[in-house]
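Data file: my_file-v6.txt. Format and content: compact mmCIF, C-alpha atoms.
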```txt
# COMPACT_ATOMS: atom_id res chain seq x y z
CA MET A 258 -41.01 -26.61 3.20
CA ARG A 259 -37.63 -28.23 3.72
CA GLY A 260 -36.44 -27.43 0.20
CA ASP A 261 -33.04 -28.69 -0.83
CA ARG A 262 -30.75 -26.83 -3.16
CA ALA A 263 -32.21 -27.27 -6.66
CA LEU A 264 -30.08 -29.04 -9.21
CA PRO A 265 -30.09 -27.97 -12.86
CA ALA A 266 -32.00 -30.07 -15.37
CA ALA A 267 -33.42 -32.48 -12.79
CA THR A 268 -35.05 -35.53 -14.31
CA GLU A 269 -38.59 -36.55 -13.43
CA ARG A 270 -37.11 -39.20 -11.16
CA ASP A 271 -34.94 -36.61 -9.38
CA ARG A 272 -37.94 -34.34 -8.92
CA ALA A 273 -40.07 -37.21 -7.61
CA LEU A 274 -37.34 -38.17 -5.14
CA ARG A 275 -36.91 -34.62 -3.93
CA ALA A 276 -40.70 -34.20 -3.59
CA THR A 277 -40.86 -37.44 -1.61
CA ALA A 278 -38.13 -36.20 0.71
CA GLU A 279 -39.77 -32.81 1.21
CA LEU A 280 -43.25 -34.14 1.88
CA TRP A 281 -42.03 -36.93 4.15
CA SER A 282 -40.00 -34.46 6.22
CA GLU A 283 -42.93 -32.05 6.44
CA LEU A 284 -45.85 -34.44 7.00
CA GLY A 285 -44.45 -37.81 8.04
CA TYR A 286 -44.64 -41.12 6.22
CA GLU A 287 -48.29 -41.85 7.03
CA ARG A 288 -49.43 -38.84 5.02
CA LEU A 289 -47.28 -39.51 1.96
CA SER A 290 -49.29 -40.29 -1.16
CA ALA A 291 -48.60 -40.75 -4.85
CA PRO A 292 -50.85 -37.80 -5.85
CA SER A 293 -49.20 -35.41 -3.40
CA ILE A 294 -45.71 -36.45 -4.50
CA SER A 295 -46.66 -36.10 -8.18
CA ALA A 296 -48.14 -32.67 -7.58
CA ARG A 297 -45.11 -31.42 -5.64
CA ALA A 298 -42.76 -32.83 -8.29
CA GLY A 299 -44.75 -31.31 -11.13
CA ILE A 300 -45.17 -34.64 -12.91
CA ASP A 301 -48.36 -36.48 -13.77
CA ALA A 302 -49.58 -39.51 -11.87
CA LYS A 303 -48.82 -41.86 -14.76
CA ALA A 304 -45.21 -40.69 -14.90
CA PHE A 305 -44.86 -41.26 -11.15
CA ALA A 306 -46.32 -44.76 -11.50
CA ASN A 307 -43.86 -45.50 -14.28
CA ILE A 308 -40.91 -44.50 -12.11
CA PHE A 309 -42.01 -45.96 -8.77
CA ALA A 310 -44.49 -48.79 -8.39
CA GLU A 311 -45.66 -47.44 -5.05
CA VAL A 312 -44.97 -44.77 -2.43
CA GLU A 313 -42.81 -47.18 -0.44
CA ALA A 314 -40.51 -47.65 -3.45
CA ALA A 315 -40.14 -43.88 -3.76
CA ALA A 316 -39.38 -43.65 -0.04
CA GLU A 317 -36.79 -46.42 -0.32
CA ALA A 318 -35.08 -44.66 -3.23
CA ALA A 319 -35.22 -41.30 -1.42
CA ILE A 320 -33.55 -42.67 1.70
CA GLU A 321 -30.69 -43.93 -0.44
CA VAL A 322 -29.82 -40.38 -1.56
CA PRO A 323 -28.31 -39.18 1.75
CA LEU A 324 -26.68 -42.56 2.32
CA ALA A 325 -25.01 -42.38 -1.09
CA ALA A 326 -23.89 -38.81 -0.38
CA VAL A 327 -22.26 -39.91 2.88
CA VAL A 328 -20.42 -42.76 1.18
CA THR A 329 -19.19 -40.37 -1.52
CA VAL A 330 -17.89 -37.85 1.01
CA VAL A 331 -16.15 -40.56 3.00
CA ALA A 332 -14.55 -42.02 -0.12
CA GLU A 333 -13.27 -38.60 -1.19
CA LEU A 334 -11.84 -37.57 2.17
CA TYR A 335 -10.31 -40.77 3.52
CA SER A 336 -6.64 -40.76 2.67
CA PRO A 337 -3.73 -43.07 3.54
CA ASP A 338 -1.68 -39.88 4.09
CA ARG A 339 -3.73 -39.04 7.19
CA SER A 340 -4.49 -40.94 10.34
CA GLU A 341 -7.79 -42.80 10.42
CA ALA A 342 -9.11 -40.34 13.02
CA GLU A 343 -8.07 -37.26 11.02
CA SER A 344 -9.77 -38.65 7.94
CA TYR A 345 -12.84 -39.23 10.06
CA ALA A 346 -12.83 -35.63 11.33
CA MET A 347 -12.58 -34.32 7.77
CA ALA A 348 -15.37 -36.61 6.63
CA VAL A 349 -17.63 -35.34 9.42
CA VAL A 350 -17.14 -31.77 8.23
CA GLY A 351 -17.85 -32.79 4.63
CA ILE A 352 -21.01 -34.68 5.61
CA LEU A 353 -22.32 -31.80 7.74
CA GLU A 354 -21.68 -29.36 4.88
CA TRP A 355 -23.67 -31.59 2.53
CA MET A 356 -26.46 -31.82 5.09
CA ALA A 357 -26.66 -28.05 5.47
CA ASP A 358 -27.28 -27.80 1.73
CA ASN A 359 -29.86 -30.60 1.65
CA PRO A 360 -32.37 -30.19 4.50
CA ALA A 361 -35.08 -32.55 3.30
CA TYR A 362 -32.71 -35.40 2.53
CA THR A 363 -30.98 -34.74 5.83
CA TYR A 364 -34.26 -35.11 7.67
CA LEU A 365 -34.77 -38.44 5.91
CA GLY A 366 -31.28 -39.71 6.57
CA TYR A 367 -31.18 -38.75 10.22
CA ILE A 368 -34.74 -38.91 11.51
CA ALA A 369 -37.34 -40.32 9.13
CA GLY A 370 -35.32 -43.37 8.09
CA ARG A 371 -34.66 -44.22 11.70
CA GLN A 372 -38.01 -43.63 13.35
CA MET A 373 -40.62 -42.86 10.70
CA ALA A 374 -40.17 -45.56 8.09
CA PRO A 375 -41.84 -48.88 7.28
CA PRO A 376 -39.62 -51.95 7.80
CA ARG A 377 -38.31 -52.21 4.22
CA VAL A 378 -37.23 -48.58 4.14
CA HIS A 379 -35.92 -48.72 7.69
CA SER A 380 -33.65 -51.61 6.71
CA VAL A 381 -32.03 -49.41 4.04
CA TYR A 382 -31.37 -46.80 6.70
CA GLU A 383 -29.98 -49.49 9.01
CA SER A 384 -27.48 -50.73 6.45
CA GLY A 385 -26.13 -47.21 5.99
CA HIS A 386 -26.01 -46.64 9.72
CA GLN A 387 -24.13 -49.87 10.30
CA PHE A 388 -21.58 -48.76 7.72
CA LEU A 389 -20.95 -45.58 9.75
CA VAL A 390 -20.70 -47.53 13.01
CA ALA A 391 -18.21 -49.95 11.44
CA MET A 392 -16.15 -47.03 10.15
CA LEU A 393 -15.96 -45.61 13.65
CA GLU A 394 -15.10 -48.94 15.25
CA ARG A 395 -11.95 -49.12 13.14
CA LEU A 396 -10.60 -46.66 15.73
CA TRP A 397 -10.45 -49.51 18.27
CA ALA A 398 -7.14 -50.42 16.62
CA SER A 399 -5.62 -47.25 18.14
CA SER A 400 -7.33 -47.52 21.53
CA THR A 401 -5.50 -48.39 24.73
CA LEU A 402 -8.60 -49.89 26.34
CA THR A 403 -8.24 -53.59 26.95
CA GLU A 404 -11.95 -54.15 27.50
CA GLN A 405 -13.97 -52.68 24.65
CA PRO A 406 -17.72 -52.29 25.21
CA ALA A 407 -19.61 -54.10 22.45
CA ARG A 408 -21.82 -51.18 21.47
CA ALA A 409 -19.33 -48.35 21.91
CA GLY A 410 -19.39 -47.54 18.19
CA LEU A 411 -23.16 -47.36 18.13
CA ALA A 412 -23.18 -45.19 21.25
CA ALA A 413 -20.41 -42.89 20.01
CA LEU A 414 -22.24 -42.27 16.76
CA GLY A 415 -25.52 -41.86 18.66
CA ALA A 416 -23.90 -39.28 20.92
CA ALA A 417 -22.86 -37.17 17.96
CA GLU A 418 -26.13 -37.70 16.12
CA ALA A 419 -28.23 -36.49 19.05
CA VAL A 420 -26.73 -33.03 18.68
CA VAL A 421 -27.39 -33.03 14.95
CA ARG A 422 -30.98 -34.24 15.36
CA ARG A 423 -31.79 -31.46 17.79
CA GLU A 424 -30.64 -28.89 15.23
CA ILE A 425 -32.57 -30.59 12.43
CA VAL A 426 -35.78 -30.57 14.44
CA ALA A 427 -35.25 -26.87 15.16
CA GLY A 428 -34.77 -26.24 11.44
CA ARG A 429 -31.25 -24.89 11.97
CA PHE A 430 -29.68 -26.70 9.03
CA ALA A 431 -27.21 -23.94 8.20
CA ARG A 432 -25.70 -24.36 11.67
CA LEU A 433 -24.86 -28.03 11.18
CA PRO A 434 -21.23 -27.56 10.02
CA ALA A 435 -20.53 -25.51 13.15
CA LEU A 436 -21.40 -28.61 15.19
CA ALA A 437 -18.50 -30.57 13.72
CA PRO A 438 -16.26 -30.10 16.81
CA ASP A 439 -18.95 -31.50 19.14
CA PHE A 440 -19.69 -34.33 16.70
CA VAL A 441 -16.03 -35.25 16.36
CA TYR A 442 -15.37 -35.07 20.10
CA GLY A 443 -18.36 -37.31 20.86
CA ALA A 444 -17.46 -39.87 18.22
CA ILE A 445 -13.69 -40.02 18.82
CA THR A 446 -13.28 -39.75 22.61
CA PRO A 447 -14.56 -43.25 23.54
CA PHE A 448 -11.82 -44.75 21.39
CA LEU A 449 -8.87 -42.37 21.61
CA GLY A 450 -9.48 -40.39 24.81
CA GLN A 451 -10.34 -36.83 25.70
CA GLU A 452 -7.10 -35.16 24.59
CA GLU A 453 -7.23 -36.66 21.11
CA GLY A 454 -10.97 -35.98 20.96
CA LEU A 455 -10.34 -32.31 21.71
CA ARG A 456 -7.42 -32.09 19.26
CA LEU A 457 -9.51 -33.48 16.43
CA ALA A 458 -12.47 -31.32 17.44
CA GLU A 459 -10.18 -28.31 17.03
CA LEU A 460 -9.01 -29.62 13.66
CA SER A 461 -12.60 -29.89 12.48
CA ARG A 462 -13.32 -26.38 13.77
CA GLN A 463 -10.49 -25.03 11.61
CA LEU A 464 -11.70 -26.95 8.59
CA VAL A 465 -15.17 -25.45 8.89
CA LYS A 466 -13.79 -21.95 9.40
CA GLU A 467 -11.06 -21.94 6.80
CA GLU A 468 -11.71 -24.21 3.90
CA PRO A 469 -14.72 -26.46 4.06
CA PRO A 470 -13.94 -29.67 2.17
CA ARG A 471 -16.32 -30.50 -0.66
CA MET B 146 -64.02 -39.54 33.33
CA ASP B 147 -62.15 -39.93 36.60
CA VAL B 148 -58.38 -39.84 37.06
CA GLN B 149 -58.05 -43.63 37.03
CA GLN B 150 -60.11 -43.97 33.85
CA ARG B 151 -58.06 -41.26 32.16
CA GLU B 152 -54.85 -43.01 33.13
CA THR B 153 -56.16 -46.35 31.81
CA LEU B 154 -57.34 -44.74 28.57
CA LEU B 155 -53.99 -43.07 27.91
CA ARG B 156 -52.17 -46.35 28.55
CA ALA B 157 -54.59 -48.21 26.29
CA MET B 158 -53.99 -45.71 23.50
CA LEU B 159 -50.22 -46.24 23.70
CA ASP B 160 -50.73 -50.00 23.77
CA GLU B 161 -52.85 -49.71 20.65
CA LEU B 162 -50.20 -47.57 18.99
CA ALA B 163 -47.34 -49.92 19.84
CA LEU B 164 -49.22 -53.06 18.82
CA ALA B 165 -51.29 -51.94 15.84
CA GLY B 166 -49.40 -48.94 14.47
CA TYR B 167 -50.74 -45.43 14.06
CA ARG B 168 -53.11 -46.07 11.18
CA GLU B 169 -54.80 -49.00 12.94
CA THR B 170 -54.87 -47.44 16.40
CA SER B 171 -58.48 -47.69 17.50
CA VAL B 172 -59.95 -45.14 19.88
CA ASP B 173 -62.99 -47.40 20.27
CA ARG B 174 -60.92 -50.32 21.55
CA ALA B 175 -59.06 -48.04 23.96
CA LEU B 176 -62.34 -46.60 25.21
CA ALA B 177 -63.69 -50.11 25.79
CA ALA B 178 -60.56 -51.09 27.71
CA ALA B 179 -60.84 -48.02 29.93
CA GLY B 180 -64.63 -48.14 30.36
CA VAL B 181 -64.95 -44.62 28.97
CA SER B 182 -67.82 -43.44 26.75
CA VAL B 183 -67.42 -41.62 23.44
CA GLU B 184 -69.06 -38.55 24.97
CA GLU B 185 -66.58 -38.48 27.85
CA PHE B 186 -63.72 -38.85 25.37
CA GLU B 187 -64.99 -35.96 23.27
CA ARG B 188 -65.27 -33.71 26.30
CA GLU B 189 -61.59 -34.27 27.09
CA PHE B 190 -59.88 -34.68 23.71
CA ARG B 191 -60.31 -33.14 20.25
CA ASP B 192 -59.46 -36.36 18.42
CA LYS B 193 -57.24 -39.46 18.35
CA ASP B 194 -54.05 -37.41 17.95
CA ASP B 195 -54.89 -35.12 20.85
CA CYS B 196 -55.33 -38.17 23.07
CA LEU B 197 -52.11 -39.79 21.82
CA PHE B 198 -50.09 -36.65 22.48
CA ALA B 199 -51.55 -36.44 26.00
CA ALA B 200 -50.69 -40.11 26.54
CA TYR B 201 -47.12 -39.55 25.39
CA ASP B 202 -46.70 -36.50 27.63
CA GLN B 203 -47.90 -38.53 30.60
CA LEU B 204 -45.58 -41.42 29.78
CA THR B 205 -42.51 -39.23 29.36
CA ALA B 206 -43.24 -37.40 32.63
CA GLN B 207 -43.36 -40.76 34.42
CA VAL B 208 -40.16 -42.03 32.83
CA VAL B 209 -38.21 -38.84 33.62
CA ALA B 210 -39.56 -38.80 37.19
CA ARG B 211 -38.57 -42.44 37.72
CA ALA B 212 -35.00 -41.88 36.51
CA SER B 213 -34.49 -38.51 38.18
CA ALA B 214 -35.71 -39.77 41.55
CA GLU B 215 -32.58 -41.93 41.67
CA CYS B 216 -30.23 -39.13 40.56
CA GLY B 217 -30.58 -37.10 43.77
CA GLY B 218 -28.73 -37.56 47.05
CA GLY B 219 -25.19 -36.95 48.18
CA GLU B 220 -23.36 -39.77 46.43
CA PRO B 221 -20.70 -39.06 43.80
CA TRP B 222 -22.15 -38.07 40.41
CA PRO B 223 -21.14 -41.27 38.55
CA ASP B 224 -22.94 -43.37 41.17
CA ARG B 225 -26.08 -41.28 40.89
CA ILE B 226 -25.98 -41.56 37.09
CA ARG B 227 -25.67 -45.34 37.43
CA LYS B 228 -28.69 -45.48 39.73
CA GLY B 229 -30.73 -43.24 37.45
CA LEU B 230 -29.86 -45.39 34.44
CA GLU B 231 -30.66 -48.55 36.36
CA ALA B 232 -34.12 -47.23 37.22
CA LEU B 233 -34.72 -46.14 33.63
CA LEU B 234 -33.65 -49.47 32.14
CA ASP B 235 -35.71 -51.46 34.65
CA GLU B 236 -38.75 -49.35 33.83
CA LEU B 237 -38.37 -49.86 30.08
CA ALA B 238 -37.66 -53.58 30.44
CA ALA B 239 -40.76 -54.09 32.58
CA GLN B 240 -42.98 -52.47 29.94
CA PRO B 241 -41.70 -53.37 26.46
CA GLN B 242 -44.80 -52.01 24.71
CA MET B 243 -44.42 -48.69 26.47
CA ALA B 244 -40.72 -48.67 25.57
CA ARG B 245 -41.67 -49.15 21.93
CA ALA B 246 -44.31 -46.43 22.09
CA LEU B 247 -41.81 -44.12 23.74
CA THR B 248 -38.99 -44.53 21.22
CA ARG B 249 -40.51 -45.69 17.96
CA SER B 250 -44.28 -45.77 17.55
CA PHE B 251 -45.15 -42.31 18.79
CA PRO B 252 -42.15 -40.35 17.42
CA GLY B 253 -42.81 -42.01 14.06
CA ILE B 254 -46.30 -40.61 13.67
CA ARG B 255 -45.13 -37.37 12.09
CA PRO B 256 -42.60 -34.56 12.64
CA ALA B 257 -44.62 -32.83 15.38
CA ALA B 258 -44.62 -36.08 17.36
CA TYR B 259 -40.91 -36.57 16.78
CA ASP B 260 -40.29 -33.11 18.24
CA ARG B 261 -41.70 -34.43 21.54
CA TYR B 262 -39.08 -37.19 21.50
CA VAL B 263 -36.27 -34.67 21.10
CA GLU B 264 -37.79 -32.67 23.98
CA LEU B 265 -37.76 -35.84 26.08
CA LEU B 266 -34.03 -36.34 25.48
CA ALA B 267 -33.36 -32.70 26.37
CA ARG B 268 -34.95 -33.26 29.78
CA PHE B 269 -32.09 -35.57 30.75
CA VAL B 270 -29.41 -32.98 29.91
CA PRO B 271 -29.46 -31.16 33.31
CA PHE B 272 -28.55 -34.41 35.10
CA MET B 273 -25.32 -34.52 33.10
CA ARG B 274 -23.95 -31.05 33.89
CA GLU B 275 -22.11 -32.14 37.02
CA GLY B 276 -20.03 -34.48 34.88
CA ARG B 277 -17.87 -31.58 33.68
CA ALA B 278 -16.20 -31.51 37.11
CA TYR B 279 -14.90 -35.03 36.44
CA SER B 280 -12.96 -34.15 33.30
CA GLU B 281 -9.26 -35.06 33.27
CA VAL B 282 -8.25 -32.41 30.77
CA ASP B 283 -7.56 -28.74 31.43
CA GLU B 284 -9.35 -27.56 28.32
CA GLU B 285 -13.04 -26.84 28.52
CA LEU B 286 -15.18 -29.66 27.20
CA PRO B 287 -17.34 -28.99 24.11
CA GLY B 288 -20.54 -27.05 24.65
CA GLU B 289 -22.76 -30.01 23.80
CA VAL B 290 -21.07 -32.66 25.93
CA GLU B 291 -24.17 -33.21 28.06
CA LEU B 292 -26.32 -33.97 25.03
CA LEU B 293 -23.57 -36.21 23.68
CA ALA B 294 -23.88 -38.30 26.84
CA VAL B 295 -27.67 -38.50 26.58
CA GLY B 296 -27.46 -39.40 22.89
CA ALA B 297 -25.02 -42.23 23.59
CA ALA B 298 -27.44 -43.88 26.01
CA GLU B 299 -30.36 -43.28 23.69
CA ALA B 300 -28.60 -44.98 20.78
CA ILE B 301 -28.15 -48.24 22.66
CA ILE B 302 -31.62 -48.14 24.23
CA PHE B 303 -33.28 -47.34 20.91
CA GLY B 304 -31.39 -50.13 19.17
CA GLU B 305 -32.49 -52.74 21.69
CA VAL B 306 -36.12 -51.60 21.79
CA ASP B 307 -36.26 -51.43 18.00
CA ALA B 308 -34.91 -54.98 17.81
CA GLY B 309 -37.61 -56.19 20.23
CA ARG B 310 -35.14 -56.76 23.05
CA ALA B 311 -36.31 -54.20 25.62
CA GLU B 312 -36.34 -56.91 28.30
CA ARG B 313 -32.56 -57.21 27.98
CA LEU B 314 -31.87 -53.54 28.71
CA PRO B 315 -30.92 -53.96 32.40
CA GLN B 316 -28.09 -56.29 31.35
CA MET B 317 -26.67 -53.46 29.29
CA LEU B 318 -26.32 -51.07 32.17
CA PRO B 319 -22.48 -51.35 32.35
CA GLU B 320 -21.83 -50.48 28.72
CA ILE B 321 -24.51 -47.78 28.64
CA LEU B 322 -22.90 -46.29 31.74
CA PHE B 323 -19.52 -46.34 29.97
CA SER B 324 -20.94 -44.46 27.00
CA VAL B 325 -22.61 -41.83 29.18
CA LEU B 326 -19.52 -41.20 31.33
CA VAL B 327 -16.83 -41.35 28.65
CA PRO B 328 -17.25 -37.83 27.21
CA PHE B 329 -16.70 -36.43 30.71
CA MET B 330 -14.19 -38.83 32.24
CA GLY B 331 -12.34 -40.37 29.29
CA PRO B 332 -12.28 -44.07 28.37
CA ASP B 333 -10.06 -45.43 31.16
CA ARG B 334 -12.06 -44.06 34.07
CA ALA B 335 -15.37 -44.73 32.33
CA ALA B 336 -14.23 -48.34 31.87
CA ASP B 337 -13.47 -48.56 35.62
CA GLU B 338 -17.04 -47.46 36.34
CA MET B 339 -18.30 -49.96 33.77
CA ARG B 340 -16.46 -52.83 35.45
CA SER B 341 -17.71 -51.74 38.85
CA ALA B 342 -21.30 -51.65 37.56
CA ALA B 343 -20.87 -55.07 35.95
CA MET B 344 -19.81 -56.58 39.27
CA SER B 345 -22.82 -55.21 41.10
CA ASN B 346 -25.32 -55.72 38.25
```

Take the structure I supplied and represent it as structure tokens, if you would.
Amino acid sequence: MRGDRALPAATERDRALRATAELWSELGYERLSAPSISARAGIDAKAFANIFAEVEAAAEAAIEVPLAAVVTVVAELYSPDRSEAESYAMAVVGILEWMADNPAYTYLGYIAGRQMAPPRVHSVYESGHQFLVAMLERLWASSTLTEQPARAGLAALGAAEAVVRREIVAGRFARLPALAPDFVYGAITPFLGQEEGLRLAELSRQLVKEEPPR
Amino acid sequence: MDVQQRETLLRAMLDELALAGYRETSVDRALAAAGVSVEEFEREFRDKDDCLFAAYDQLTAQVVARASAECGGGEPWPDRIRKGLEALLDELAAQPQMARALTRSFPGIRPAAYDRYVELLARFVPFMREGRAYSEVDEELPGEVELLAVGAAEAIIFGEVDAGRAERLPQMLPEILFSVLVPFMGPDRAADEMRSAAMSN
């Protein structure tokens, strides 16, 4: 079971969402069902039906949990007192720390939403992903490249995400924050170059080691 | 069943998967397309999933072989990477249904199937190792730089296939090449390679 850290006094909706995330990450979308979600959440079928009209609605709501967490971390850690790239490096550490604590939602946000979701749910994932790509592409403003490849933001994020996905598939969630330097280097270098990529990778390494931002 | 029938059956199963989705994938239709009987199928495969996993393994072996065949030889590493990418993109563009099965339909079946997709990406990592010699900085590059390069290419390829534009992939060779080379060579030199690829593309 990819169990996330339990929250106190979870509502029936919270429990249904968490059960959806756990079962989806364990079995895949095709094997999700209202009875199995209800049973895992410890709520009766009628209560589930009152909260979510169908499994797809539960899946759509579940995929929004990691996306909302990412937006929250970014909002907390972006500061006008830091460069855009330094804020980005700090946000990466914060996001990876959240992911380490929330394996099932992480699986949804990184893998299931991308490649295991019906179109409606996939579009929710896509909107969140495009937000992250747009955030990264703001770094073009500091780039010296005159000719900027159209999909460089998508590719830079994809580079970093490939490392994270491999760890998720291997079940090594606790190791995710330690990947921050690789993530930051992969995401930053196309825009700001290798030296700056390595400098910010080192910054993220220190943040993980010394005082993980929350 | 003979080798040719097996090959046709595995292809037909992936076609079914890409076109109809996992739930509607019909073994019967694939058997009819391949001229294989139910008894022959049952001698070779436990069930639909067993056959689909075999089909995916065959497809990924072909795709990796096609790309890696172009990565050998004595040319400089960036040129060999360009040729390997070119072969890969041509292969995917020529078979959009297979491209969809490769990146979306099969990995989406369930987590065990997705694991195969991650294994596929890992098979491209060894081709990247030589890139470290092209770094412009004295410091050692991050431990995962090879997978970063593979992931960059995958992100663009996946996006195009997912959007139903697999046929356009060969046109994207220059910018995919940039994204693969940039973690090793930095943006300026990767952009030079991109421009060079654009002129010969």

So that I can check the surroundings of Ala374 (chain A), please list as a PDB file with C-alpha atoms, in the frame of the given file every protein, DNA and RNA residue that reaches within 10 Å of it, counting only C-alpha atoms and ignoring chain neighbours fewer than 3 positions away.
```pdb
ATOM      1  CA  TRP A 281     -42.030 -36.930   4.150  1.00  0.00           C
ATOM      2  CA  GLY A 285     -44.450 -37.810   8.040  1.00  0.00           C
ATOM      3  CA  TYR A 286     -44.640 -41.120   6.220  1.00  0.00           C
ATOM      4  CA  GLU A 287     -48.290 -41.850   7.030  1.00  0.00           C
ATOM      5  CA  GLU A 313     -42.810 -47.180  -0.440  1.00  0.00           C
ATOM      6  CA  ALA A 316     -39.380 -43.650  -0.040  1.00  0.00           C
ATOM      7  CA  GLU A 317     -36.790 -46.420  -0.320  1.00  0.00           C
ATOM      8  CA  ILE A 320     -33.550 -42.670   1.700  1.00  0.00           C
ATOM      9  CA  LEU A 365     -34.770 -38.440   5.910  1.00  0.00           C
ATOM     10  CA  ILE A 368     -34.740 -38.910  11.510  1.00  0.00           C
ATOM     11  CA  ALA A 369     -37.340 -40.320   9.130  1.00  0.00           C
ATOM     12  CA  GLY A 370     -35.320 -43.370   8.090  1.00  0.00           C
ATOM     13  CA  ARG A 371     -34.660 -44.220  11.700  1.00  0.00           C
ATOM     14  CA  ARG A 377     -38.310 -52.210   4.220  1.00  0.00           C
ATOM     15  CA  VAL A 378     -37.230 -48.580   4.140  1.00  0.00           C
ATOM     16  CA  HIS A 379     -35.920 -48.720   7.690  1.00  0.00           C
ATOM     17  CA  SER A 380     -33.650 -51.610   6.710  1.00  0.00           C
ATOM     18  CA  VAL A 381     -32.030 -49.410   4.040  1.00  0.00           C
ATOM     19  CA  TYR A 382     -31.370 -46.800   6.700  1.00  0.00           C
TER      20      TYR A 382
ATOM     21  CA  ARG B 249     -40.510 -45.690  17.960  1.00  0.00           C
ATOM     22  CA  GLY B 253     -42.810 -42.010  14.060  1.00  0.00           C
ATOM     23  CA  ILE B 254     -46.300 -40.610  13.670  1.00  0.00           C
TER      24      ILE B 254
END
```

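Close contacts of Ala326 (chain A), defined as residues with an atom at most 12 Å away when counting all atoms listed in the file, with chain neighbours fewer than 6 positions off set aside, comprise A:Ala319, A:Ile320, A:Ala332, A:Glu333, A:Ala348, A:Gly351, A:Ile352, A:Leu353, A:Glu354, A:Trp355, A:Met356, A:Asp358, A:Asn359, A:Tyr362, A:Thr363, A:Gly366, A:Gly385, A:Arg471.
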
Of the candidates B:Phe269, B:Tyr259, B:Tyr201, B:Phe186, which shows the shortest atom-to-atom distance to chain A, using only C-alpha atoms?
->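 Result for the nearest residue to chain A: B:Tyr259.
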
Can you tell me, as a list of chain:residue names, what residues are no more than 7 Å from Ala311 (chain B) when counting all atoms listed in the file, ignoring any on the same chain fewer than 3 positions away?
->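 Answer for this query is B:Leu237, B:Ala238, B:Pro241, B:Glu305, B:Val306, B:Leu314.
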
List every residue of chain A that has an atom at most 9 Å from any atom of chain B, and for each one report the closest atom pair and its distance in Å to one decimal, counting only C-alpha atoms, with rows sorted by chain and then by increasing residue number, as CSV.
```
residue,atom,partner,partner_atom,distance
A:Trp281,CA,B:Arg255,CA,8.5
A:Ser282,CA,B:Pro256,CA,6.9
A:Glu283,CA,B:Pro256,CA,6.7
A:Leu284,CA,B:Arg255,CA,5.9
A:Gly285,CA,B:Arg255,CA,4.1
A:Tyr286,CA,B:Arg255,CA,7.0
A:Glu287,CA,B:Ile254,CA,7.0
A:Arg288,CA,B:Arg255,CA,8.4
A:Ile368,CA,B:Tyr259,CA,8.4
A:Ala369,CA,B:Gly253,CA,7.6
A:Arg371,CA,B:Arg249,CA,8.7
A:Gln372,CA,B:Gly253,CA,5.1
A:Met373,CA,B:Gly253,CA,4.1
A:Ala374,CA,B:Gly253,CA,7.4
A:Thr401,CA,B:Asp333,CA,8.4
A:Leu402,CA,B:Asp333,CA,6.7
A:Glu404,CA,B:Ala336,CA,7.6
A:Gln405,CA,B:Ala336,CA,8.4
A:Pro406,CA,B:Glu320,CA,5.7
A:Ala407,CA,B:Glu320,CA,7.6
A:Arg408,CA,B:Ile301,CA,7.1
A:Ala409,CA,B:Ser324,CA,6.6
A:Leu411,CA,B:Ala300,CA,6.5
A:Ala412,CA,B:Ala297,CA,4.2
A:Ala413,CA,B:Ala297,CA,5.9
A:Leu414,CA,B:Ala297,CA,7.4
A:Gly415,CA,B:Ala300,CA,4.9
A:Ala416,CA,B:Gly296,CA,4.1
A:Ala417,CA,B:Leu293,CA,5.8
A:Glu418,CA,B:Gly296,CA,7.1
A:Ala419,CA,B:Gly296,CA,4.9
A:Val420,CA,B:Leu292,CA,6.4
A:Arg422,CA,B:Val263,CA,7.8
A:Arg423,CA,B:Val263,CA,6.4
A:Val426,CA,B:Asp260,CA,6.4
A:Ala427,CA,B:Asp260,CA,8.6
A:Leu436,CA,B:Glu289,CA,8.8
A:Pro438,CA,B:Pro287,CA,7.5
A:Asp439,CA,B:Pro287,CA,5.8
A:Phe440,CA,B:Leu293,CA,8.2
A:Tyr442,CA,B:Pro287,CA,7.5
A:Gly443,CA,B:Leu293,CA,6.0
A:Ala444,CA,B:Leu293,CA,9.0
A:Thr446,CA,B:Pro328,CA,6.4
A:Pro447,CA,B:Pro332,CA,5.4
A:Phe448,CA,B:Pro332,CA,7.0
A:Leu449,CA,B:Pro332,CA,7.8
A:Gly450,CA,B:Gly331,CA,5.3
A:Gln451,CA,B:Gly331,CA,5.4
A:Glu452,CA,B:Val282,CA,6.9
A:Leu455,CA,B:Leu286,CA,7.8
A:Ala458,CA,B:Pro287,CA,8.6
```

With N, CA and C atoms as the atom set, please write region 291-295 of chain A from the structure just given, as a PDB file, in the first residue's frame.
```pdb
ATOM      1  N   ALA A 291     -16.149   2.016  -7.045  1.00  0.00           N
ATOM      2  CA  ALA A 291     -16.747   2.691  -5.889  1.00  0.00           C
ATOM      3  C   ALA A 291     -16.729   1.788  -4.650  1.00  0.00           C
ATOM      4  N   PRO A 292     -17.088   0.495  -4.782  1.00  0.00           N
ATOM      5  CA  PRO A 292     -17.060  -0.357  -3.581  1.00  0.00           C
ATOM      6  C   PRO A 292     -15.662  -0.486  -2.971  1.00  0.00           C
ATOM      7  N   SER A 293     -14.644  -0.625  -3.820  1.00  0.00           N
ATOM      8  CA  SER A 293     -13.296  -0.792  -3.260  1.00  0.00           C
ATOM      9  C   SER A 293     -12.817   0.497  -2.589  1.00  0.00           C
ATOM     10  N   ILE A 294     -13.169   1.638  -3.166  1.00  0.00           N
ATOM     11  CA  ILE A 294     -12.780   2.909  -2.551  1.00  0.00           C
ATOM     12  C   ILE A 294     -13.502   3.079  -1.206  1.00  0.00           C
ATOM     13  N   SER A 295     -14.797   2.785  -1.211  1.00  0.00           N
ATOM     14  CA  SER A 295     -15.585   2.920   0.028  1.00  0.00           C
ATOM     15  C   SER A 295     -15.016   2.034   1.114  1.00  0.00           C
TER      16      SER A 295
END
```
